[in-house]
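Visitor: Structure incoming, see below.
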Amino acid sequence: MSMQVILAQALLGLNVGVFYAMLSLGLAVIFGLLNIINFAHGAMYMLGAFIALIGYSFLEKWLGINIQIGFWASLVIVPLLVGLLGVLIERFLLRRLYQLDHIYGLLLTFGITLILQGLFSNYFNVSGTPYPGQPESLSGVVNLGFMYFPTYRLFAIVVSLIVCFATWFFIEHTKLGSRLRAGVENPDLTQAFGLNVPLMVTLTFAFGAGLAGLAGVLAAPIYSVSPLMGADLIIVVFAVVVIGGMGSIMGAILSGLALGLIEGLTKVFYPPAASTVIFFLMVLVLLFRPAGLFGKEK
């Protein structure tokens with residue numbers, strides 16, 4: 001097998017890995033800082049893709065506006081809208097369950113997922129709807145020497161990496177990030193210093209939901225927009241988070257990227273195992289390092 005084929009498949013695997021990383025990052029932020037298992041994260045990803053699709057269709061069909069700026073605007077507006085939904089979910093639903101067992105939050109977010117999937121399944125094609133709003137500046141291919149790679153996929157990789165590592169830097173190396181972590185470790189003492197811990201919790205959940213929405217916008221021009229696109233991905237993303245370490249920000253990023261590469265290379269050397277290799281690795285990690293590769297033992 002030629003090195004060119006291996007490199008090409010590795011790059012395609014990295015393209016999948018950046019979406020694993022972004023979604024895993026959102027889950028890790030919510031669980032690591034708020035201790036909430038958010039099963040609705042895949043629905044937020046699906047919602048981001050659909051809002052981008054609906055927004056483009058509205059401009060095109062109803063207003064007769066054919067402008068490429070719609071996609072660029074959706075990269076900013078859609079995460080804010082999905083984050084706003086996250087605010088409502090945390091403020092009016094999840095906040096009532098913080099003192100209860102984690103299973104209640106898991107069941108609640110699972111119910112939210114079923115509601116959103118049911119609503120969109122009634123009005124959209126379950127098998128998938130293509131997104132037509134990819135800007136012309138990102139069409140075509142780029143010559144990387146060993147292959148011609150779609151320009152938009154390369155753009156999605158770069159943007160996802162920037163967002164992931166910027167989030168890690170913000171949480172781990174800024175004053176606001178340290179205050180947020182302090183509010184999680186000791187909310188009573190942090191609030192005594194004048195910080196609004198409930199607001200920080202709400203904004204953190206909204207930020208994690210916004211990351212899923214942004215991933216949905218970036219994925220829309222690559223994959224068909226479907227009500228089940230989040231459900232198909234969320235189980236894999238949970239496996240990625242477990243491998244990286246529940247709550248580990250850097251673990252979520254690096255594990256997502258690495259597992260995307262491994263999945264891509266598995267398609268080259270043994271295609272039947274490509275859909276299960278991540279779960280096989282998860283079993284090994286749970287057997288030998290239950291806290292995850294980057295997690296901390298409690």
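Please note that chains go A, B, ... in the order of the structure tokens, that every chain numbers its residues from 1, and that ligands are numbered from 1 in the order shown.
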Within 7 Å of Leu116 in chain A, counting only C-alpha atoms, which residues qualify if same-chain residues fewer than 4 places away don't, as a list in words?
Guide: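 The residues satisfying every condition are Ala43, Ile112 and Phe120 of chain A.
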Visitor: What residues in range 79-187 of chain A get the DSSP label alpha helix (DSSP H)? Please answer as number ranges by chain.
Guide: A: 79-92, 102-123, 151-173, 175-185, 187
Visitor: Here is a test: counting only C-alpha atoms, which residue of A:Tyr148, A:Phe288, A:Phe269, A:Phe238 is nearest to Gly26 in chain A?
Guide: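 Residue with the minimum atom-to-atom distance to Gly26 in chain A: A:Phe238.
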Visitor: Using only C-alpha atoms, can you tell me which of A:Asn15, A:Ser2, A:Thr109, A:Asn125 comes closest to Gly260 in chain A?
Guide: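 Nearest candidate to Gly260 in chain A out of A:Asn15, A:Ser2, A:Thr109, A:Asn125: A:Asn15.
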Visitor: Give me, as a list in words, all polymer residues having an atom no more than 8 Å from range 163-171 of chain A, counting only C-alpha atoms and skipping those fewer than 4 positions away in the same chain.
Guide: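 Listed by chain and then number, they are Ala21, Met22, Leu25, Val159, Leu176, Gly177, Ser178, Leu180, Arg181, Ile249, Met250 and Ile253 of chain A.
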Visitor: Mind checking DSSP for range 42-216 of chain A and telling me the strand (DSSP E) residues as a list in words?
Guide: Val141, Val142, Asn143, Tyr148, Phe149 and Pro150 of chain A
Visitor: Next, dump the selected residues to file, keeping only C-alpha atoms, as a compact mmCIF listing (two decimals), in the first residue's frame.
Guide:
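Below is the file selection.txt, written as the result:
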```
# COMPACT_ATOMS: atom_id res chain seq x y z
CA VAL A 141 -9.53 21.68 -3.93
CA VAL A 142 -6.05 22.38 -2.57
CA ASN A 143 -2.96 20.56 -3.87
CA TYR A 148 -5.99 17.06 -3.76
CA PHE A 149 -7.96 17.92 -0.65
CA PRO A 150 -11.28 19.82 -0.61
```
